[in-house]
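Trainee: Provided herewith: final27.csv, CSV, C-alpha atoms and all ligand atoms.
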```
chain,number,residue,atom,x,y,z
I,1,MET,CA,-23.4,38.0,-12.4
I,2,GLY,CA,-21.6,39.6,-15.4
I,3,ASP,CA,-18.5,39.7,-13.1
I,4,ILE,CA,-17.9,36.0,-13.3
I,5,SER,CA,-17.8,35.8,-17.1
I,6,PRO,CA,-14.2,34.6,-17.5
I,7,LEU,CA,-13.4,35.9,-20.9
I,8,ASP,CA,-13.5,38.7,-23.2
I,9,ALA,CA,-15.2,36.9,-26.0
I,10,GLY,CA,-14.6,39.7,-28.5
I,11,THR,CA,-17.0,40.0,-31.3
I,12,GLU,CA,-17.0,36.3,-32.3
I,13,VAL,CA,-20.0,34.2,-31.1
I,14,PRO,CA,-18.9,32.1,-28.2
I,15,VAL,CA,-19.0,28.3,-28.7
I,16,VAL,CA,-20.6,27.8,-25.4
I,17,GLU,CA,-22.7,30.1,-23.2
I,18,PHE,CA,-24.3,29.3,-19.9
I,19,LYS,CA,-26.5,32.1,-18.4
I,20,ASP,CA,-28.0,31.6,-15.0
I,21,VAL,CA,-28.4,27.9,-15.8
I,22,THR,CA,-30.2,25.4,-13.6
I,23,VAL,CA,-30.3,21.7,-14.5
I,24,ARG,CA,-32.7,19.2,-13.0
I,25,TYR,CA,-32.6,15.6,-14.2
I,26,PRO,CA,-35.9,14.3,-15.3
I,27,GLY,CA,-37.7,11.7,-13.2
I,28,LYS,CA,-39.1,11.4,-9.7
I,29,GLY,CA,-35.7,10.5,-8.2
I,30,ALA,CA,-34.2,13.9,-9.0
I,31,ILE,CA,-35.5,15.9,-6.1
I,32,ARG,CA,-33.1,18.7,-6.2
I,33,PRO,CA,-31.3,20.3,-9.2
I,34,ALA,CA,-27.9,19.0,-10.2
I,35,VAL,CA,-26.5,22.4,-10.9
I,36,VAL,CA,-27.8,25.9,-10.2
I,37,ASP,CA,-26.9,29.5,-11.3
I,38,VAL,CA,-24.1,28.5,-13.7
I,39,ASN,CA,-22.6,31.3,-15.8
I,40,LEU,CA,-19.8,30.5,-18.2
I,41,THR,CA,-18.7,31.7,-21.6
I,42,VAL,CA,-16.2,29.7,-23.7
I,43,PRO,CA,-15.0,31.3,-26.9
I,44,LYS,CA,-13.6,29.5,-29.9
I,45,GLY,CA,-10.2,27.9,-29.4
I,46,ARG,CA,-10.3,28.0,-25.6
I,47,PHE,CA,-9.2,25.1,-23.4
I,48,VAL,CA,-11.3,25.1,-20.2
I,49,CYS,CA,-10.7,22.6,-17.4
I,50,VAL,CA,-13.4,21.9,-14.9
I,51,VAL,CA,-12.5,20.7,-11.4
I,52,GLY,CA,-14.6,20.1,-8.2
I,53,PRO,CA,-15.6,17.4,-5.8
I,54,SER,CA,-17.6,14.3,-6.8
I,55,GLY,CA,-21.3,15.1,-7.4
I,56,CYS,CA,-21.0,18.9,-8.0
I,57,GLY,CA,-22.2,18.6,-11.5
I,58,LYS,CA,-19.1,18.6,-13.8
I,59,SER,CA,-20.4,15.8,-16.1
I,60,THR,CA,-23.8,17.5,-16.1
I,61,LEU,CA,-22.3,20.6,-17.7
I,62,LEU,CA,-20.8,18.4,-20.4
I,63,HIS,CA,-24.2,16.7,-21.0
I,64,VAL,CA,-25.7,20.1,-21.5
I,65,CYS,CA,-22.9,21.1,-23.9
I,66,SER,CA,-23.5,18.0,-26.0
I,67,GLY,CA,-27.3,18.6,-26.2
I,68,LEU,CA,-28.0,15.3,-24.3
I,69,LEU,CA,-29.6,17.2,-21.5
I,70,LYS,CA,-31.7,20.4,-21.7
I,71,VAL,CA,-31.5,23.1,-19.1
I,72,SER,CA,-34.5,23.6,-16.8
I,73,GLY,CA,-33.8,27.2,-16.0
I,74,GLY,CA,-31.7,30.0,-17.5
I,75,GLU,CA,-30.3,29.9,-21.0
I,76,PHE,CA,-27.7,27.7,-22.7
I,77,ARG,CA,-26.4,28.6,-26.2
I,78,TYR,CA,-24.1,26.5,-28.4
I,79,LEU,CA,-22.7,28.5,-31.3
I,80,GLY,CA,-25.0,31.3,-30.4
I,81,LYS,CA,-28.2,29.3,-30.7
I,82,GLU,CA,-30.6,27.2,-28.5
I,83,TRP,CA,-31.0,23.8,-30.1
I,84,ARG,CA,-33.8,21.3,-29.9
I,85,LYS,CA,-31.7,18.3,-30.8
I,86,LEU,CA,-28.2,16.9,-30.2
I,87,HIS,CA,-25.6,19.6,-31.0
I,88,PRO,CA,-23.7,19.2,-34.2
I,89,GLY,CA,-19.9,19.1,-34.2
I,90,ILE,CA,-19.4,17.6,-30.7
I,91,GLY,CA,-16.6,15.1,-29.9
I,92,TYR,CA,-17.1,13.4,-26.5
I,93,VAL,CA,-14.3,11.3,-24.9
I,94,THR,CA,-14.8,9.6,-21.5
I,95,GLN,CA,-12.7,7.5,-19.2
I,96,ARG,CA,-14.7,4.5,-20.2
I,97,GLU,CA,-13.3,2.5,-23.1
I,98,THR,CA,-15.7,2.3,-25.9
I,99,LEU,CA,-13.5,0.8,-28.7
I,100,LEU,CA,-15.0,-2.1,-30.7
I,101,PRO,CA,-12.8,-5.1,-29.9
I,102,TRP,CA,-13.5,-6.8,-33.2
I,103,LYS,CA,-12.4,-3.8,-35.2
I,104,THR,CA,-8.8,-2.8,-35.9
I,105,VAL,CA,-7.2,0.6,-35.0
I,106,LEU,CA,-8.1,1.7,-38.6
I,107,GLY,CA,-11.7,0.3,-38.3
I,108,ASN,CA,-12.3,1.9,-35.0
I,109,ILE,CA,-11.1,5.3,-36.1
I,110,ALA,CA,-13.0,5.1,-39.4
I,111,LEU,CA,-16.2,4.1,-37.6
I,112,PRO,CA,-17.8,7.6,-37.2
I,113,LEU,CA,-17.0,8.4,-40.9
I,114,LYS,CA,-18.7,5.1,-41.9
I,115,ILE,CA,-21.8,6.1,-39.9
I,116,THR,CA,-21.9,9.4,-41.9
I,117,GLY,CA,-21.8,7.4,-45.1
I,118,MET,CA,-18.4,8.4,-46.3
I,119,PRO,CA,-17.1,6.1,-49.1
I,120,ARG,CA,-14.7,3.3,-47.9
I,121,THR,CA,-11.5,4.5,-49.6
I,122,GLU,CA,-11.9,8.1,-48.5
I,123,ARG,CA,-12.7,7.1,-44.9
I,124,HIS,CA,-9.8,4.7,-44.7
I,125,GLU,CA,-7.4,7.4,-46.0
I,126,ARG,CA,-8.7,9.9,-43.4
I,127,ALA,CA,-8.6,7.3,-40.6
I,128,ALA,CA,-5.0,6.3,-41.6
I,129,ASP,CA,-3.9,10.0,-41.5
I,130,MET,CA,-5.6,10.4,-38.1
I,131,ALA,CA,-4.0,7.2,-36.8
I,132,ALA,CA,-0.6,8.6,-37.8
I,133,SER,CA,-1.3,11.9,-36.1
I,134,VAL,CA,-2.1,10.2,-32.8
I,135,GLY,CA,1.1,8.2,-33.1
I,136,LEU,CA,-0.4,4.9,-34.3
I,137,GLY,CA,0.5,4.9,-37.9
I,138,ASP,CA,2.3,1.5,-37.5
I,139,TRP,CA,-0.6,-0.1,-35.7
I,140,LEU,CA,-3.4,0.3,-38.3
I,141,ASN,CA,-4.2,-3.5,-38.4
I,142,HIS,CA,-3.9,-4.2,-34.7
I,143,TYR,CA,-6.8,-4.9,-32.5
I,144,PRO,CA,-7.5,-3.0,-29.2
I,145,ARG,CA,-6.5,-6.1,-27.1
I,146,GLU,CA,-3.0,-5.8,-28.6
I,147,LEU,CA,-2.5,-2.2,-27.5
I,148,SER,CA,-1.5,-0.6,-24.2
I,149,GLY,CA,-4.0,1.5,-22.2
I,150,GLY,CA,-2.4,4.8,-23.5
I,151,MET,CA,-2.5,3.5,-27.1
I,152,ARG,CA,-6.2,2.6,-26.7
I,153,GLN,CA,-7.0,6.0,-25.3
I,154,ARG,CA,-5.2,7.5,-28.3
I,155,VAL,CA,-7.4,5.5,-30.7
I,156,GLN,CA,-10.4,6.9,-28.8
I,157,LEU,CA,-9.0,10.4,-29.2
I,158,GLY,CA,-8.3,9.7,-32.9
I,159,ARG,CA,-11.8,8.4,-33.4
I,160,THR,CA,-13.2,11.6,-32.0
I,161,LEU,CA,-10.9,14.0,-33.8
I,162,VAL,CA,-11.4,12.4,-37.2
I,163,THR,CA,-14.8,13.9,-37.3
I,164,ASP,CA,-13.2,17.4,-37.0
I,165,PRO,CA,-15.3,18.5,-34.1
I,166,THR,CA,-16.1,22.1,-33.2
I,167,LEU,CA,-16.2,21.3,-29.5
I,168,LEU,CA,-14.3,18.6,-27.7
I,169,LEU,CA,-15.8,17.4,-24.4
I,170,MET,CA,-13.5,15.2,-22.3
I,171,ASP,CA,-14.7,13.6,-19.0
I,172,GLU,CA,-11.8,12.3,-17.0
I,173,PRO,CA,-10.3,10.8,-20.2
I,174,PHE,CA,-7.0,9.8,-18.6
I,175,GLY,CA,-8.4,8.8,-15.2
I,176,ALA,CA,-7.7,5.1,-15.7
I,177,LEU,CA,-4.1,5.6,-16.8
I,178,ASP,CA,-1.0,5.3,-14.5
I,179,ALA,CA,0.8,8.5,-13.5
I,180,VAL,CA,3.5,8.4,-16.2
I,181,LEU,CA,1.1,7.5,-19.0
I,182,ARG,CA,-1.2,10.2,-17.9
I,183,VAL,CA,1.5,12.9,-18.2
I,184,ARG,CA,2.4,11.6,-21.6
I,185,MET,CA,-1.2,11.7,-22.8
I,186,GLN,CA,-1.5,15.3,-21.4
I,187,GLU,CA,1.6,16.3,-23.4
I,188,PHE,CA,0.2,14.4,-26.4
I,189,LEU,CA,-3.2,16.1,-26.2
I,190,LYS,CA,-1.7,19.5,-25.9
I,191,SER,CA,0.6,19.0,-28.9
I,192,ARG,CA,-2.3,17.7,-30.9
I,193,ILE,CA,-4.6,20.6,-30.1
I,194,GLU,CA,-2.2,23.6,-29.8
I,195,GLY,CA,-2.4,25.9,-32.8
I,196,THR,CA,-5.8,24.6,-33.8
I,197,ASP,CA,-9.1,26.5,-33.1
I,198,LEU,CA,-10.7,23.5,-31.4
I,199,THR,CA,-12.6,24.4,-28.3
I,200,THR,CA,-12.2,22.0,-25.4
I,201,ILE,CA,-13.9,21.5,-22.1
I,202,PHE,CA,-12.0,19.0,-20.0
I,203,VAL,CA,-13.3,17.6,-16.7
I,204,THR,CA,-10.7,16.2,-14.2
I,205,HIS,CA,-10.2,15.6,-10.5
I,206,ASP,CA,-6.5,16.2,-10.9
I,207,LEU,CA,-5.5,19.9,-10.3
I,208,SER,CA,-2.0,19.4,-11.8
I,209,GLU,CA,-3.7,18.1,-15.0
I,210,ALA,CA,-6.0,21.1,-15.1
I,211,LEU,CA,-3.2,23.5,-14.6
I,212,THR,CA,-1.0,21.8,-17.2
I,213,LEU,CA,-3.7,21.7,-19.9
I,214,GLY,CA,-6.1,24.6,-19.4
I,215,ASP,CA,-6.2,28.2,-20.5
I,216,GLU,CA,-8.4,28.5,-17.5
I,217,VAL,CA,-9.7,26.4,-14.6
I,218,VAL,CA,-13.3,26.5,-13.5
I,219,ALA,CA,-13.8,25.3,-10.0
I,220,MET,CA,-17.2,24.0,-9.1
I,221,ALA,CA,-18.6,23.4,-5.6
I,222,GLY,CA,-21.7,22.4,-3.7
I,223,ALA,CA,-24.5,20.0,-4.3
I,224,PRO,CA,-26.4,21.3,-6.2
I,225,GLY,CA,-23.2,22.5,-7.9
I,226,SER,CA,-22.4,26.0,-9.1
I,227,ILE,CA,-19.2,27.7,-10.3
I,228,ASP,CA,-17.2,28.9,-7.3
I,229,GLN,CA,-14.1,30.3,-8.9
I,230,ILE,CA,-12.6,30.8,-12.4
I,231,ASP,CA,-8.8,31.0,-12.6
I,232,LYS,CA,-7.3,32.3,-15.8
I,233,LEU,CA,-3.9,30.9,-16.3
I,234,GLU,CA,-2.4,33.6,-18.5
I,235,ASP,CA,0.6,34.1,-16.2
I,236,LEU,CA,1.7,30.5,-16.4
I,237,PRO,CA,4.7,29.8,-18.6
I,238,ARG,CA,3.7,27.9,-21.8
I,239,GLY,CA,5.7,25.8,-24.1
I,240,VAL,CA,7.7,24.4,-21.2
I,241,SER,CA,7.8,20.8,-19.9
I,242,PRO,CA,5.3,19.9,-17.2
I,243,VAL,CA,8.2,19.7,-14.7
I,244,GLU,CA,9.3,23.3,-15.4
I,245,LEU,CA,5.7,24.4,-15.4
I,246,ARG,CA,5.2,22.9,-11.9
I,247,GLN,CA,8.3,24.7,-10.6
I,248,SER,CA,7.0,28.2,-11.7
I,249,PRO,CA,5.9,30.5,-8.8
I,250,ALA,CA,2.6,31.3,-10.7
I,251,TYR,CA,1.8,27.6,-10.8
I,252,ALA,CA,2.1,27.4,-7.0
I,253,VAL,CA,-0.2,30.4,-6.5
I,254,HIS,CA,-2.9,28.9,-8.7
I,255,GLU,CA,-2.6,25.5,-7.2
I,256,ALA,CA,-2.8,26.8,-3.7
I,257,ARG,CA,-5.9,28.9,-4.5
I,258,LEU,CA,-7.7,26.1,-6.3
I,259,TRP,CA,-6.8,23.6,-3.6
I,260,LYS,CA,-8.2,25.9,-0.9
I,261,THR,CA,-11.4,26.3,-2.8
I,262,ILE,CA,-11.9,22.6,-3.5
I,263,ALA,CA,-10.8,21.4,0.0
I,264,GLY,CA,-13.1,24.0,1.6
I,265,ASN,CA,-16.0,22.5,-0.2
I,266,LEU,CA,-15.6,18.8,0.6
I,267,SER,CA,-17.7,16.8,3.0
I,268,GLU,CA,-15.9,14.3,5.2
I,269,ASP,CA,-16.8,11.6,2.7
I,270,GLY,CA,-14.9,13.5,0.0
I,271,VAL,CA,-18.0,14.5,-2.0
I,272,ALA,CA,-19.5,17.9,-2.7
I,273,LEU,CA,-21.0,19.6,0.4
I,274,SER,CA,-24.7,19.8,0.1
I,275,ASN,CA,-26.0,23.3,-0.1
I,276,PRO,CA,-29.0,23.8,2.1
I,277,GLU,CA,-29.7,27.2,0.8
I,278,VAL,CA,-31.0,26.1,-2.5
I,279,GLU,CA,-34.7,26.7,-3.1
I,280,HIS,CA,-35.8,23.3,-4.4
I,281,GLU,CA,-39.1,24.6,-5.7
I,282,GLY,CA,-38.2,26.8,-8.7
I,283,ASP,CA,-36.1,26.2,-11.7
I,284,HIS,CA,-34.3,29.4,-11.1
I,285,ALA,CA,-32.9,28.1,-7.9
I,286,MET,CA,-30.1,30.2,-6.5
I,287,THR,CA,-27.7,29.9,-3.7
I,288,ALA,CA,-26.9,32.8,-1.5
I,289,ALA,CA,-23.7,31.1,-0.6
I,290,ALA,CA,-22.7,30.7,-4.2
I,291,HIS,CA,-23.3,34.4,-4.8
I,292,GLY,CA,-21.2,35.3,-1.8
I,293,ARG,CA,-18.2,33.1,-2.5
I,294,ARG,CA,-17.8,33.4,-6.2
I,295,GLY,CA,-15.0,35.2,-7.9
I,296,THR,CA,-12.5,35.3,-10.7
I,297,SER,CA,-8.8,35.6,-10.4
J,301,LIG,N1,-29.1,10.5,-14.8
J,301,LIG,C1,-29.2,11.1,-13.6
J,301,LIG,N2,-30.5,11.2,-13.0
J,301,LIG,C2,-30.6,11.8,-11.8
J,301,LIG,N3,-29.6,12.5,-11.2
J,301,LIG,C3,-28.4,12.5,-11.7
J,301,LIG,C4,-28.2,11.8,-13.0
J,301,LIG,N4,-26.8,11.9,-13.3
J,301,LIG,C5,-26.3,12.7,-12.3
J,301,LIG,N5,-27.2,13.0,-11.4
J,301,LIG,C6,-27.0,13.8,-10.1
J,301,LIG,O1,-26.6,15.1,-10.5
J,301,LIG,C7,-25.6,15.6,-9.6
J,301,LIG,C8,-24.3,15.9,-10.4
J,301,LIG,O2,-23.8,14.7,-11.0
J,301,LIG,P1,-22.6,14.7,-12.0
J,301,LIG,O3,-22.4,13.4,-12.5
J,301,LIG,O4,-22.8,15.8,-12.9
J,301,LIG,O5,-21.4,15.2,-10.9
J,301,LIG,P2,-19.8,15.1,-11.2
J,301,LIG,O6,-19.3,16.4,-10.5
J,301,LIG,O7,-19.5,14.9,-12.6
J,301,LIG,O8,-19.4,13.9,-10.3
J,301,LIG,P3,-18.2,12.8,-10.4
J,301,LIG,O9,-16.9,13.7,-10.2
J,301,LIG,O10,-18.4,11.9,-9.3
J,301,LIG,O11,-18.3,12.2,-11.8
J,301,LIG,C9,-25.4,14.5,-8.6
J,301,LIG,O12,-26.2,14.8,-7.5
J,301,LIG,C10,-25.9,13.2,-9.3
J,301,LIG,O13,-26.5,12.3,-8.3
```
Could you spell out this file's structure in structure tokens?
Ligand SMILES: Nc1ncnc2c1ncn2[C@@H]1O[C@H](COP(=O)(O)OP(=O)(O)OP(=O)(O)O)[C@@H](O)[C@H]1O

Mentor:
Amino acid sequence: MGDISPLDAGTEVPVVEFKDVTVRYPGKGAIRPAVVDVNLTVPKGRFVCVVGPSGCGKSTLLHVCSGLLKVSGGEFRYLGKEWRKLHPGIGYVTQRETLLPWKTVLGNIALPLKITGMPRTERHERAADMAASVGLGDWLNHYPRELSGGMRQRVQLGRTLVTDPTLLLMDEPFGALDAVLRVRMQEFLKSRIEGTDLTTIFVTHDLSEALTLGDEVVAMAGAPGSIDQIDKLEDLPRGVSPVELRQSPAYAVHEARLWKTIAGNLSEDGVALSNPEVEHEGDHAMTAAAHGRRGTS
């Protein structure tokens, strides 16, 4: 299983480590595990995109990273430790809009600082700086209803980044945006994160988004899900426009390989193919198929 570890993590403690992880949701309804046999190491500063069909467990991995959900088999470490509570230093952005409509841009971005008890003047200064850095410096006193979808998503991003997270978890954050806005937000996110040591795990259904943003793409498959393939993107040109990136030969190779993996693991309904080989009984459930088909690029 060591062969699927995507990275040379060096001597620094990885931010995230999954080792032979199985996750089973609590409750009687959850008959089979959501994910099995997950191995993944994410070092500091890495941008990892996770793709895969609906139901294969992408969001489940993010819940584990945040500490919301505990593993039922194997081992999960955040910053080198197993934690009993929610993990500190997590920023979580989802597709769902969670801005408070009665608060301004400034008030929304300052909210997490208010919760930590930061004095008003200091939190407003920090929130105003953050608003400027997400391109909303002239919109401090506006309310969410007065903003476009992309601007509202930037407020959400600002509200997350203002806490200076160690690990940024993003679950289809741009899924509700139109195609043009989506590309703009990808460029924006990249420019905001590049050069920092923020570690990011970004779930998306969109392969081009994954290839544009990620240092590597993790493809999940099956239900219960497991990691099917990890594509490192070191050979992609960086610092070029998305259009140039998509015209590069290396991009086409990665896209074709990932597409083949994902399409080969879809049911006719477009969801993850169920994996009959999983042993439902134990928490160390493994899939023979998963072992056979896994690999790194
Ligand atoms: N709260 C829950 N209780 C029980 N089972 C759950 C719960 N949340 C998710 N599951 C199950 O876990 C499996 C993985 O779900 P998850 O949401 O992680 O998949 P996903 O790949 O993120 O899907 P999508 O792309 O549709 O968001 C699915 O079979 C789902 O039904």

Trainee: Name all residues at most 12 Å from region 238-254 of chain I (count all atoms listed in the file; drop same-chain ones fewer than 5 positions away) and give them as an NGL selection string.

Mentor: :I and (180 or 182-188 or 190-191 or 194-195 or 207-219 or 229-233 or 259-261 or 296-297)

Trainee: List the neighbours of Gly52 (chain I) out to 10 Å using all atoms listed in the file; skip same-chain residues closer than 6 positions along the sequence, and give me the result as a PyMOL selection string.

Mentor: chain I and resi 58+203-207+218-222+225-228+258-259+261-263+265-266+271-272

Trainee: Go ahead and dump the residues you just picked, C-alpha atoms, as a PDB file, in the coordinates of the input.

Mentor:
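The result, stored in out18.pdb:
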```pdb
ATOM      1  CA  LYS I  58     -19.100  18.600 -13.800  1.00  0.00           C
ATOM      2  CA  VAL I 203     -13.300  17.600 -16.700  1.00  0.00           C
ATOM      3  CA  THR I 204     -10.700  16.200 -14.200  1.00  0.00           C
ATOM      4  CA  HIS I 205     -10.200  15.600 -10.500  1.00  0.00           C
ATOM      5  CA  ASP I 206      -6.500  16.200 -10.900  1.00  0.00           C
ATOM      6  CA  LEU I 207      -5.500  19.900 -10.300  1.00  0.00           C
ATOM      7  CA  VAL I 218     -13.300  26.500 -13.500  1.00  0.00           C
ATOM      8  CA  ALA I 219     -13.800  25.300 -10.000  1.00  0.00           C
ATOM      9  CA  MET I 220     -17.200  24.000  -9.100  1.00  0.00           C
ATOM     10  CA  ALA I 221     -18.600  23.400  -5.600  1.00  0.00           C
ATOM     11  CA  GLY I 222     -21.700  22.400  -3.700  1.00  0.00           C
ATOM     12  CA  GLY I 225     -23.200  22.500  -7.900  1.00  0.00           C
ATOM     13  CA  SER I 226     -22.400  26.000  -9.100  1.00  0.00           C
ATOM     14  CA  ILE I 227     -19.200  27.700 -10.300  1.00  0.00           C
ATOM     15  CA  ASP I 228     -17.200  28.900  -7.300  1.00  0.00           C
ATOM     16  CA  LEU I 258      -7.700  26.100  -6.300  1.00  0.00           C
ATOM     17  CA  TRP I 259      -6.800  23.600  -3.600  1.00  0.00           C
ATOM     18  CA  THR I 261     -11.400  26.300  -2.800  1.00  0.00           C
ATOM     19  CA  ILE I 262     -11.900  22.600  -3.500  1.00  0.00           C
ATOM     20  CA  ALA I 263     -10.800  21.400   0.000  1.00  0.00           C
ATOM     21  CA  ASN I 265     -16.000  22.500  -0.200  1.00  0.00           C
ATOM     22  CA  LEU I 266     -15.600  18.800   0.600  1.00  0.00           C
ATOM     23  CA  VAL I 271     -18.000  14.500  -2.000  1.00  0.00           C
ATOM     24  CA  ALA I 272     -19.500  17.900  -2.700  1.00  0.00           C
TER      25      ALA I 272
END
```

Trainee: Per residue of chain I within 6 Å of ligand LIG 301 (chain J), which atom pair is closest and at what distance in Å (one decimal), using all atoms listed in the file, listed by chain and increasing number, as a Markdown table?

Mentor:
```
| residue | atom | partner | partner_atom | distance |
| --- | --- | --- | --- | --- |
| I:Tyr25 | CA | J:LIG301 | C2 | 4.9 |
| I:Ala30 | CA | J:LIG301 | C2 | 5.0 |
| I:Ala34 | CA | J:LIG301 | O1 | 4.1 |
| I:Pro53 | CA | J:LIG301 | O9 | 5.9 |
| I:Ser54 | CA | J:LIG301 | O9 | 3.5 |
| I:Gly55 | CA | J:LIG301 | O5 | 3.5 |
| I:Cys56 | CA | J:LIG301 | O6 | 3.9 |
| I:Gly57 | CA | J:LIG301 | O4 | 3.2 |
| I:Lys58 | CA | J:LIG301 | O7 | 3.9 |
| I:Ser59 | CA | J:LIG301 | O7 | 3.7 |
| I:Thr60 | CA | J:LIG301 | O4 | 3.8 |
```

Trainee: In Å, rounded to a single decimal, give me how far CA of Leu157 (chain I) is from CA of Leu189 (chain I).

Mentor: 8.7 Å

Trainee: Between I:Leu236, I:Val42, I:Cys65, I:Ile115, which residue has the minimum interatomic distance to Gly91 (chain I), considering all atoms listed in the file?

Mentor: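 Counting all atoms listed in the file, the residue closest to Gly91 (chain I) is I:Cys65.
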
Trainee: With distances taken over all atoms listed in the file, which residue among I:Met118, I:Val23, I:Val50, I:Leu113 lies nearest Ser72 (chain I)?

Mentor: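 Among I:Met118, I:Val23, I:Val50, I:Leu113, it is I:Val23 that comes nearest to Ser72 (chain I).
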
Trainee: Using CA of Phe47 (chain I) and CA of Leu198 (chain I) as the two end points, give the distance in Å to one decimal.

Mentor: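 So the two atoms, CA of Phe47 (chain I) and CA of Leu198 (chain I), lie 8.3 Å apart.
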
Trainee: Record the distance separating CA of Ala127 (chain I) and CA of Ala110 (chain I), expressed in Å with one decimal.

Mentor: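 Value for the CA of Ala127 (chain I)-CA of Ala110 (chain I) distance: 5.1 Å.
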
Trainee: Would you mind listing what lies within 9 Å of Ser133 (chain I) as number ranges by chain, with only C-alpha atoms counted and same-chain residues fewer than 4 positions away left out?

Mentor: I: 128-129, 137, 158, 192

Trainee: Given the choices I:Arg123, I:Arg96, I:Lys114, I:Arg145, which gets closest to Glu172 (chain I) if the distance is worked out from only C-alpha atoms?

Mentor: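 With only C-alpha atoms as the atom set, the closest residue is I:Arg96.
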
Trainee: Between I:His87, I:Arg152, I:Lys81, I:His124, which residue has the minimum interatomic distance to Leu69 (chain I), considering only C-alpha atoms?

Mentor: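 Once distances to Leu69 (chain I) are computed over only C-alpha atoms, the minimum belongs to I:His87.
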
Trainee: Point out the residue among I:Glu75, I:Asp197, I:Asp164, I:Asp138 with the least atom-to-atom distance to Gly45 (chain I), counting all atoms listed in the file.

Mentor: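 Result for the nearest residue to Gly45 (chain I): I:Asp197.
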
Trainee: Using all atoms listed in the file, determine which residues lie at most 10 Å from Phe76 (chain I), disregarding the query and same-chain residues fewer than 5 positions distant; provide the list as an MDAnalysis selection string.

Mentor: chainID I and resid 16:22 38:41 64:65 67 70:71 81:83

Trainee: Return the single residue from I:Leu167, I:Val134, I:Val51, I:Leu100 that is closest to Tyr78 (chain I), with distances computed using only C-alpha atoms.

Mentor: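 The shortest atom-to-atom distance to Tyr78 (chain I) comes from I:Leu167.
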